[in-house]
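Okay, input_15.cif now, which holds mmCIF, C-alpha atoms:
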```
data_upload
loop_
_atom_site.label_atom_id
_atom_site.label_comp_id
_atom_site.auth_asym_id
_atom_site.auth_seq_id
_atom_site.Cartn_x
_atom_site.Cartn_y
_atom_site.Cartn_z
CA MET A 1015 6.95 34.66 -3.03
CA ARG A 1016 7.59 31.78 -0.67
CA PRO A 1017 4.90 31.70 2.03
CA GLY A 1018 5.98 32.15 5.63
CA LEU A 1019 5.74 29.00 7.67
CA LEU A 1020 3.80 29.31 10.89
CA ARG A 1021 6.67 27.91 12.95
CA ARG A 1022 9.79 26.11 11.84
CA ARG A 1023 12.84 24.51 13.36
CA LYS A 1024 16.14 24.99 11.54
CA ARG A 1025 16.06 24.18 7.82
CA GLN A 1026 16.20 20.41 7.78
CA GLY A 1027 13.89 17.46 7.37
CA GLY A 1028 12.57 15.22 10.09
CA ASP A 1029 15.10 13.36 12.24
CA PRO A 1030 15.69 10.08 10.34
CA GLU A 1031 16.69 8.20 13.49
CA GLU A 1032 13.48 9.15 15.25
CA GLU A 1033 11.41 8.26 12.20
CA LEU A 1034 13.11 4.88 11.83
CA ARG A 1035 12.56 4.14 15.52
CA PHE A 1036 8.86 4.83 15.06
CA TRP A 1037 8.59 2.39 12.16
CA VAL A 1038 10.58 -0.36 13.85
CA GLU A 1039 9.70 -0.02 17.51
CA ARG A 1040 6.08 1.07 17.30
CA TRP A 1041 4.54 0.43 13.90
CA GLU A 1042 6.10 -2.90 12.95
CA ALA A 1043 6.16 -4.19 16.53
CA HIS A 1044 2.41 -3.61 16.76
CA ILE A 1045 1.78 -5.58 13.58
CA ARG A 1046 4.12 -8.40 14.59
CA ALA A 1047 2.21 -8.66 17.87
CA GLY A 1048 -0.88 -9.67 15.89
CA SER A 1049 -2.86 -6.47 15.34
CA LEU A 1050 -3.27 -3.83 12.66
CA PHE A 1051 -1.75 -0.44 13.38
CA SER A 1052 -4.26 1.26 11.11
CA PRO A 1053 -7.36 2.60 12.93
CA HIS A 1054 -10.49 1.03 11.46
CA GLY A 1055 -8.30 -0.92 9.04
CA LEU A 1056 -10.58 -3.93 8.75
CA GLU A 1057 -13.62 -1.72 8.23
CA LEU A 1058 -11.85 0.16 5.46
CA ILE A 1059 -10.99 -3.01 3.52
CA GLY A 1060 -14.27 -4.78 4.31
CA GLU A 1061 -12.69 -7.73 6.09
CA ALA A 1062 -13.88 -9.32 9.33
CA GLU A 1063 -10.66 -10.64 10.85
CA VAL A 1064 -7.04 -9.71 11.18
CA ALA A 1065 -4.83 -12.02 9.13
CA ASP A 1066 -3.01 -14.81 10.95
CA SER A 1067 0.36 -14.16 9.36
CA TYR A 1068 2.61 -11.11 9.60
CA GLU A 1069 2.72 -10.84 5.81
CA GLY A 1070 -1.06 -11.03 5.63
CA ARG A 1071 -1.40 -8.22 8.17
CA ARG A 1072 1.12 -6.12 6.24
CA TRP A 1073 -0.97 -6.39 3.09
CA GLN A 1074 -4.12 -5.59 5.07
CA GLU A 1075 -2.35 -2.44 6.31
CA ALA A 1076 -1.39 -1.53 2.75
CA ARG A 1077 -4.89 -2.02 1.36
CA ALA A 1078 -6.36 -0.06 4.26
CA GLN A 1079 -4.02 2.83 3.49
CA VAL A 1080 -5.23 2.93 -0.10
CA ARG A 1081 -8.84 3.02 1.03
CA ARG A 1082 -8.08 5.63 3.69
CA VAL A 1083 -6.40 8.00 1.22
CA LEU A 1084 -9.31 7.73 -1.21
CA SER A 1085 -11.91 8.09 1.55
CA GLU A 1086 -10.23 11.18 3.02
CA ALA A 1087 -10.09 12.70 -0.46
CA GLU A 1088 -13.78 11.83 -1.00
CA ILE A 1089 -12.88 9.86 -4.12
CA ASP A 1090 -15.52 7.16 -4.54
CA ASP A 1091 -13.82 5.20 -7.31
CA PRO A 1092 -11.91 2.28 -5.71
CA ASP A 1093 -9.93 1.92 -8.95
CA PHE A 1094 -8.87 5.57 -9.04
CA PHE A 1095 -5.16 4.66 -9.17
CA LYS A 1096 -5.56 1.89 -11.75
CA ASP A 1097 -3.79 2.40 -15.10
CA ARG A 1098 -2.13 5.55 -13.80
CA VAL A 1099 1.40 6.55 -12.84
CA VAL A 1100 1.24 7.21 -9.11
CA LEU A 1101 3.93 8.81 -6.97
CA GLU A 1102 3.77 8.85 -3.19
CA ILE A 1103 5.97 11.20 -1.20
CA GLY A 1104 7.18 9.75 2.09
CA PRO A 1105 5.14 6.54 2.30
CA GLY A 1106 7.39 4.85 4.84
CA PRO A 1107 6.83 1.07 4.74
CA VAL A 1108 3.01 1.22 4.91
CA GLY A 1109 2.56 -0.07 1.36
CA LEU A 1110 0.20 2.19 -0.58
CA PRO A 1111 2.49 2.11 -3.65
CA GLU A 1112 2.45 -1.69 -3.65
CA ALA A 1113 -1.29 -2.02 -3.05
CA CYS A 1114 -2.82 0.86 -5.03
CA GLY A 1115 -3.10 -1.00 -8.35
CA ALA A 1116 -1.27 1.66 -10.35
CA LYS A 1117 0.18 0.90 -13.75
CA LEU A 1118 3.42 2.25 -12.33
CA ALA A 1119 3.83 3.02 -8.63
CA LEU A 1120 6.72 5.20 -7.47
CA ALA A 1121 7.72 6.25 -3.98
CA VAL A 1122 10.07 9.03 -2.91
CA GLU A 1123 11.39 7.83 0.45
CA PRO A 1124 14.82 8.88 1.79
CA LEU A 1125 14.65 6.10 4.39
CA ALA A 1126 14.00 3.40 1.78
CA PRO A 1127 17.44 1.70 2.01
CA ARG A 1128 17.23 1.50 5.80
CA LEU A 1129 13.61 0.35 5.76
CA ASP A 1130 14.58 -2.31 3.23
CA ALA A 1131 17.57 -3.41 5.33
CA ALA A 1132 15.22 -3.77 8.30
CA GLY A 1133 12.91 -5.97 6.22
CA LEU A 1134 10.04 -3.49 6.34
CA LEU A 1135 9.34 -2.88 2.64
CA LEU A 1136 6.69 -5.07 1.04
CA ARG A 1137 7.77 -7.25 -1.84
CA GLY A 1138 5.72 -5.73 -4.62
CA ASP A 1139 6.17 -3.92 -7.89
CA ALA A 1140 6.64 -0.39 -6.54
CA VAL A 1141 9.85 1.50 -7.36
CA TYR A 1142 11.42 3.33 -4.41
CA LEU A 1143 13.54 6.42 -5.05
CA ALA A 1144 15.89 6.92 -2.10
CA THR A 1145 15.99 10.69 -2.30
CA GLY A 1146 14.31 13.77 -0.94
CA ALA A 1147 11.24 15.18 -2.65
CA GLU A 1148 12.93 18.57 -3.11
CA ALA A 1149 14.57 17.22 -6.31
CA ILE A 1150 12.55 14.32 -7.72
CA PRO A 1151 14.55 12.43 -10.38
CA LEU A 1152 11.71 12.28 -12.90
CA LEU A 1153 10.98 14.13 -16.10
CA GLY A 1154 8.40 16.88 -16.01
CA GLU A 1155 4.76 15.99 -16.66
CA SER A 1156 5.36 12.27 -16.16
CA VAL A 1157 3.03 11.48 -13.22
CA ASP A 1158 -0.76 11.23 -13.07
CA VAL A 1159 -1.28 11.29 -9.29
CA VAL A 1160 0.87 12.48 -6.40
CA VAL A 1161 -0.04 11.40 -2.87
CA ALA A 1162 1.51 13.23 0.10
CA ARG A 1163 -0.12 12.04 3.32
CA ASN A 1164 1.45 13.16 6.59
CA SER A 1165 4.78 13.87 4.89
CA LEU A 1166 4.99 17.57 3.94
CA ASP A 1167 5.90 18.61 7.49
CA HIS A 1168 8.74 16.04 7.52
CA VAL A 1169 10.68 17.39 4.52
CA ALA A 1170 13.52 19.91 4.50
CA ASP A 1171 11.93 22.45 2.13
CA PRO A 1172 8.14 22.25 1.68
CA ALA A 1173 8.06 24.96 -0.99
CA ALA A 1174 10.62 23.09 -3.09
CA VAL A 1175 8.63 19.88 -2.70
CA LEU A 1176 5.41 21.47 -3.94
CA ALA A 1177 7.29 23.04 -6.85
CA GLU A 1178 8.48 19.56 -7.78
CA VAL A 1179 4.96 18.19 -7.49
CA VAL A 1180 3.72 20.83 -9.91
CA ARG A 1181 6.60 20.06 -12.27
CA VAL A 1182 6.17 16.26 -12.39
CA LEU A 1183 2.37 16.24 -12.61
CA ARG A 1184 0.89 15.91 -16.06
CA PRO A 1185 -1.75 18.38 -17.17
CA GLY A 1186 -4.95 17.04 -15.64
CA GLY A 1187 -2.95 15.26 -12.92
CA THR A 1188 -4.08 15.19 -9.30
CA LEU A 1189 -2.40 15.97 -5.98
CA ILE A 1190 -3.87 14.38 -2.85
CA LEU A 1191 -2.32 16.26 0.08
CA ASN A 1192 -2.99 15.62 3.75
CA VAL A 1193 -0.95 17.48 6.37
CA ASP A 1194 -1.35 18.68 9.94
CA VAL A 1195 -1.96 22.39 10.49
CA ASP A 1196 -2.03 24.56 13.62
CA GLY A 1197 0.42 22.29 15.43
CA GLU A 1198 3.94 22.64 16.83
CA PRO A 1199 7.24 21.67 15.18
CA THR A 1200 8.97 18.54 16.50
CA ALA A 1201 12.16 16.66 15.69
CA ALA A 1202 10.32 14.34 13.30
CA GLU A 1203 8.00 17.04 11.93
CA PRO A 1204 10.11 20.22 11.84
CA HIS A 1205 7.48 22.40 10.14
CA ALA A 1206 4.18 23.62 11.56
CA PHE A 1207 1.81 25.15 9.01
CA SER A 1208 -1.28 27.28 9.11
CA ALA A 1209 -4.04 26.40 6.66
CA GLU A 1210 -3.14 29.50 4.63
CA ASP A 1211 0.51 28.39 4.46
CA VAL A 1212 -0.61 25.15 2.82
CA ARG A 1213 -3.05 26.87 0.47
CA ALA A 1214 -0.27 29.20 -0.68
CA LEU A 1215 2.07 26.26 -1.35
CA VAL A 1216 -0.61 24.51 -3.42
CA ARG A 1217 -1.72 27.66 -5.25
CA PRO A 1218 -0.11 26.84 -8.65
CA LEU A 1219 -2.65 24.01 -8.81
CA ARG A 1220 -6.43 24.34 -8.92
CA VAL A 1221 -8.02 23.17 -5.67
CA GLN A 1222 -10.98 20.87 -6.28
CA ARG A 1223 -11.89 20.39 -2.64
CA GLU A 1224 -10.61 21.02 0.84
CA ARG A 1225 -11.70 19.52 4.12
CA SER A 1226 -10.60 19.52 7.73
CA ILE A 1227 -10.25 16.36 9.82
CA PRO A 1228 -10.27 17.09 13.59
CA GLU A 1229 -7.79 14.40 14.69
CA PRO A 1230 -4.16 15.33 13.84
CA HIS A 1231 -1.51 12.86 12.74
CA GLY A 1232 0.68 14.21 15.52
CA HIS A 1233 -0.19 15.52 18.96
CA MET A 1234 -1.65 18.94 18.15
CA GLY A 1235 -3.72 20.71 15.51
CA ARG A 1236 -5.85 19.08 12.83
CA GLN A 1237 -5.50 17.48 9.43
CA LEU A 1238 -6.00 19.58 6.32
CA LEU A 1239 -6.93 17.59 3.20
CA ILE A 1240 -6.59 19.22 -0.21
CA VAL A 1241 -7.28 17.65 -3.60
CA ALA A 1242 -5.84 19.80 -6.38
CA VAL A 1243 -5.46 19.45 -10.14
CA LYS A 1244 -2.90 20.73 -12.61
CA ASP A 1245 -4.91 22.38 -15.35
CA ARG A 1246 -4.32 21.16 -18.87
CA SER A 1247 -2.19 23.24 -21.21
CA ALA A 1248 -3.01 23.48 -24.89
CA GLY A 1249 -0.89 21.22 -27.02
CA VAL A 1250 0.49 19.12 -24.14
CA PRO A 1251 -0.43 15.46 -24.67
CA SER A 1252 -1.24 13.16 -21.76
CA THR A 1253 0.20 9.70 -22.17
CA THR A 1254 0.00 6.57 -20.06
CA LEU A 1255 3.65 6.14 -19.14
CA PRO A 1256 6.43 8.63 -18.38
CA ALA A 1257 8.59 9.59 -21.32
CA TRP A 1258 11.60 7.74 -19.89
CA ILE A 1259 9.84 4.35 -20.11
CA SER A 1260 9.67 2.53 -23.42
CA PRO A 1261 6.30 0.84 -24.01
CA SER A 1262 6.51 -2.94 -24.17
#
```
How would this structure read if it were set down as structure tokens?
Amino acid sequence: MRPGLLRRRKRQGGDPEEELRFWVERWEAHIRAGSLFSPHGLELIGEAEVADSYEGRRWQEARAQVRRVLSEAEIDDPDFFKDRVVLEIGPGPVGLPEACGAKLALAVEPLAPRLDAAGLLLRGDAVYLATGAEAIPLLGESVDVVVARNSLDHVADPAAVLAEVVRVLRPGGTLILNVDVDGEPTAAEPHAFSAEDVRALVRPLRVQRERSIPEPHGHMGRQLLIVAVKDRSAGVPSTTLPAWISPS
């Protein structure tokens, strides 16, 4: 049974115009002005100074996002993403896919063409899929790690997105989910969840740990962080690359 959302605007994802304005007018403008947008970014990456160039600051932002995701998930291994197939849902232009060190980094980002046209995507090896996460164009059991940080409340159908996450994860694969709970729906974030709503959505996976972070991504509520694993099924092999990629 699909869990009831705490509060929801009409069935649609976040307003793409409002989201694009945020990335262009606030996020990128801040970085172009000579600072990092990421709170505690330098501390996270162990660097003393903000880079002189815009490109340097962009890569600092990307590396800081990798460290932030791992720190929030209480994953101590800095190479956790290495040699794995990693999929991020809704990364925007921040750059975790490019900076995470994955063997193959994928990003589901409906705004990708417009972010690219605005010059906001980093020039790295990540593959951006310009589609919604309700129907991910990947074979089942082809991904080792899914990251969804501050994105589940932006999508059109959260239950469909989590069903897709379960489908594409390999047995033994990991979901790192971070989403606001106990907030209010907005144009950019049309869903407001309770903690139980999120637990119900994740329930097909086995939760390894859950923690609450007091400061929300938005204006109300708190962050809920869940790390969950897809249990292995007998007779299902785990390989390094998705089935649709031929090994070199």
*Kindly give the distance, in Å, that separates CA of Leu1058 (chain A) and CA of Val1083 (chain A), rounded to a single decimal.*
10.4 Å
Which protein, DNA or RNA residues have an atom at most 9 Å from (-9.7, 9.4, -8.3), counting only C-alpha atoms? List them as a compact mmCIF listing (two decimals) with C-alpha atoms, in the coordinates of the input.
```txt
# COMPACT_ATOMS: atom_id res chain seq x y z
CA LEU A 1084 -9.31 7.73 -1.21
CA ALA A 1087 -10.09 12.70 -0.46
CA GLU A 1088 -13.78 11.83 -1.00
CA ILE A 1089 -12.88 9.86 -4.12
CA ASP A 1090 -15.52 7.16 -4.54
CA ASP A 1091 -13.82 5.20 -7.31
CA PRO A 1092 -11.91 2.28 -5.71
CA ASP A 1093 -9.93 1.92 -8.95
CA PHE A 1094 -8.87 5.57 -9.04
CA PHE A 1095 -5.16 4.66 -9.17
CA VAL A 1159 -1.28 11.29 -9.29
CA THR A 1188 -4.08 15.19 -9.30
```
*Mind telling me what the PyMOL selection byres ((chain A and resi 1136) around 12) catches here, as a PyMOL selection string?*
chain A and resi 1068-1077+1105-1113+1126+1129-1135+1137-1142
_With the PyMOL selection byres ((chain A and resi 1034) around 10) as the selection, what would be picked from this file? Answer as a list in words, please._
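Matching residues under the PyMOL selection byres ((chain A and resi 1034) around 10) are Asp1029, Pro1030, Glu1031, Glu1032, Glu1033, Arg1035, Phe1036, Trp1037, Val1038, Glu1039, Arg1040, Trp1041, Gly1106, Leu1125, Arg1128, Leu1129, Ala1132 and Ala1202 of chain A.
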*Mind telling me what the PyMOL selection byres ((chain A and resi 1158) around 8) catches here, as an NGL selection string?*
:A and (1098-1100 or 1156-1157 or 1159-1160 or 1183-1184 or 1186-1188)
*From A:Leu1152, A:Leu1118, A:Val1175, A:Glu1086, residue lying nearest Ile1240 (chain A) [all atoms listed in the file]*: A:Glu1086
*Closest of A:Ala1119, A:Val1193, A:Cys1114, A:Ala1062 to Pro1230 (chain A) - atom-to-atom distances counting all atoms listed in the file*: A:Val1193
*Rank A:Leu1153, A:Leu1120, A:Leu1101, A:Ala1170 by their smallest atom-to-atom distance to Ile1190 (chain A), using all atoms listed in the file, and report the top residue only.*
A:Leu1101
*Closest to Val1169 (chain A) among A:Ile1150, A:Pro1218, A:Ala1047, A:Ile1103, using only C-alpha atoms?*
A:Ile1103
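If you look at CA of Arg1217 (chain A) and CA of Ala1144 (chain A), they are 27.4 Å away from each other.
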*asked:* Please return as a list in words every residue within 9 Å of (-13.7, 19.5, -1.8), taking into account only C-alpha atoms and the file's own coordinates.
replied: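 So the residues meeting the distance criterion are Ala1087, Glu1088, Val1221, Gln1222, Arg1223, Glu1224, Arg1225, Leu1239, Ile1240 and Val1241 of chain A.
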_One-decimal distance in Å that lies between CA of Ile1059 (chain A) and CA of Glu1042 (chain A)_ =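 That distance, rounded to one decimal, is 19.5 Å.
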Where's the centre, and what are the edge lengths in Å to one decimal, of a box along x, y and z enclosing all listed atoms of region 1206-1214 of chain A padded 6 Å per side, as JSON?
```
{"center_x": 0.1, "center_y": 26.6, "center_z": 5.4, "size_x": 20.2, "size_y": 17.9, "size_z": 24.2}
```
*Closest of A:Lys1244, A:Ala1162, A:Leu1189, A:Asp1097 to Lys1117 (chain A) - atom-to-atom distances counting all atoms listed in the file*: A:Asp1097
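Using only C-alpha atoms for every distance, the candidate list A:Val1212, A:Met1234, A:Ala1174, A:Val1179 yields A:Met1234 as the residue closest to Pro1199 (chain A).
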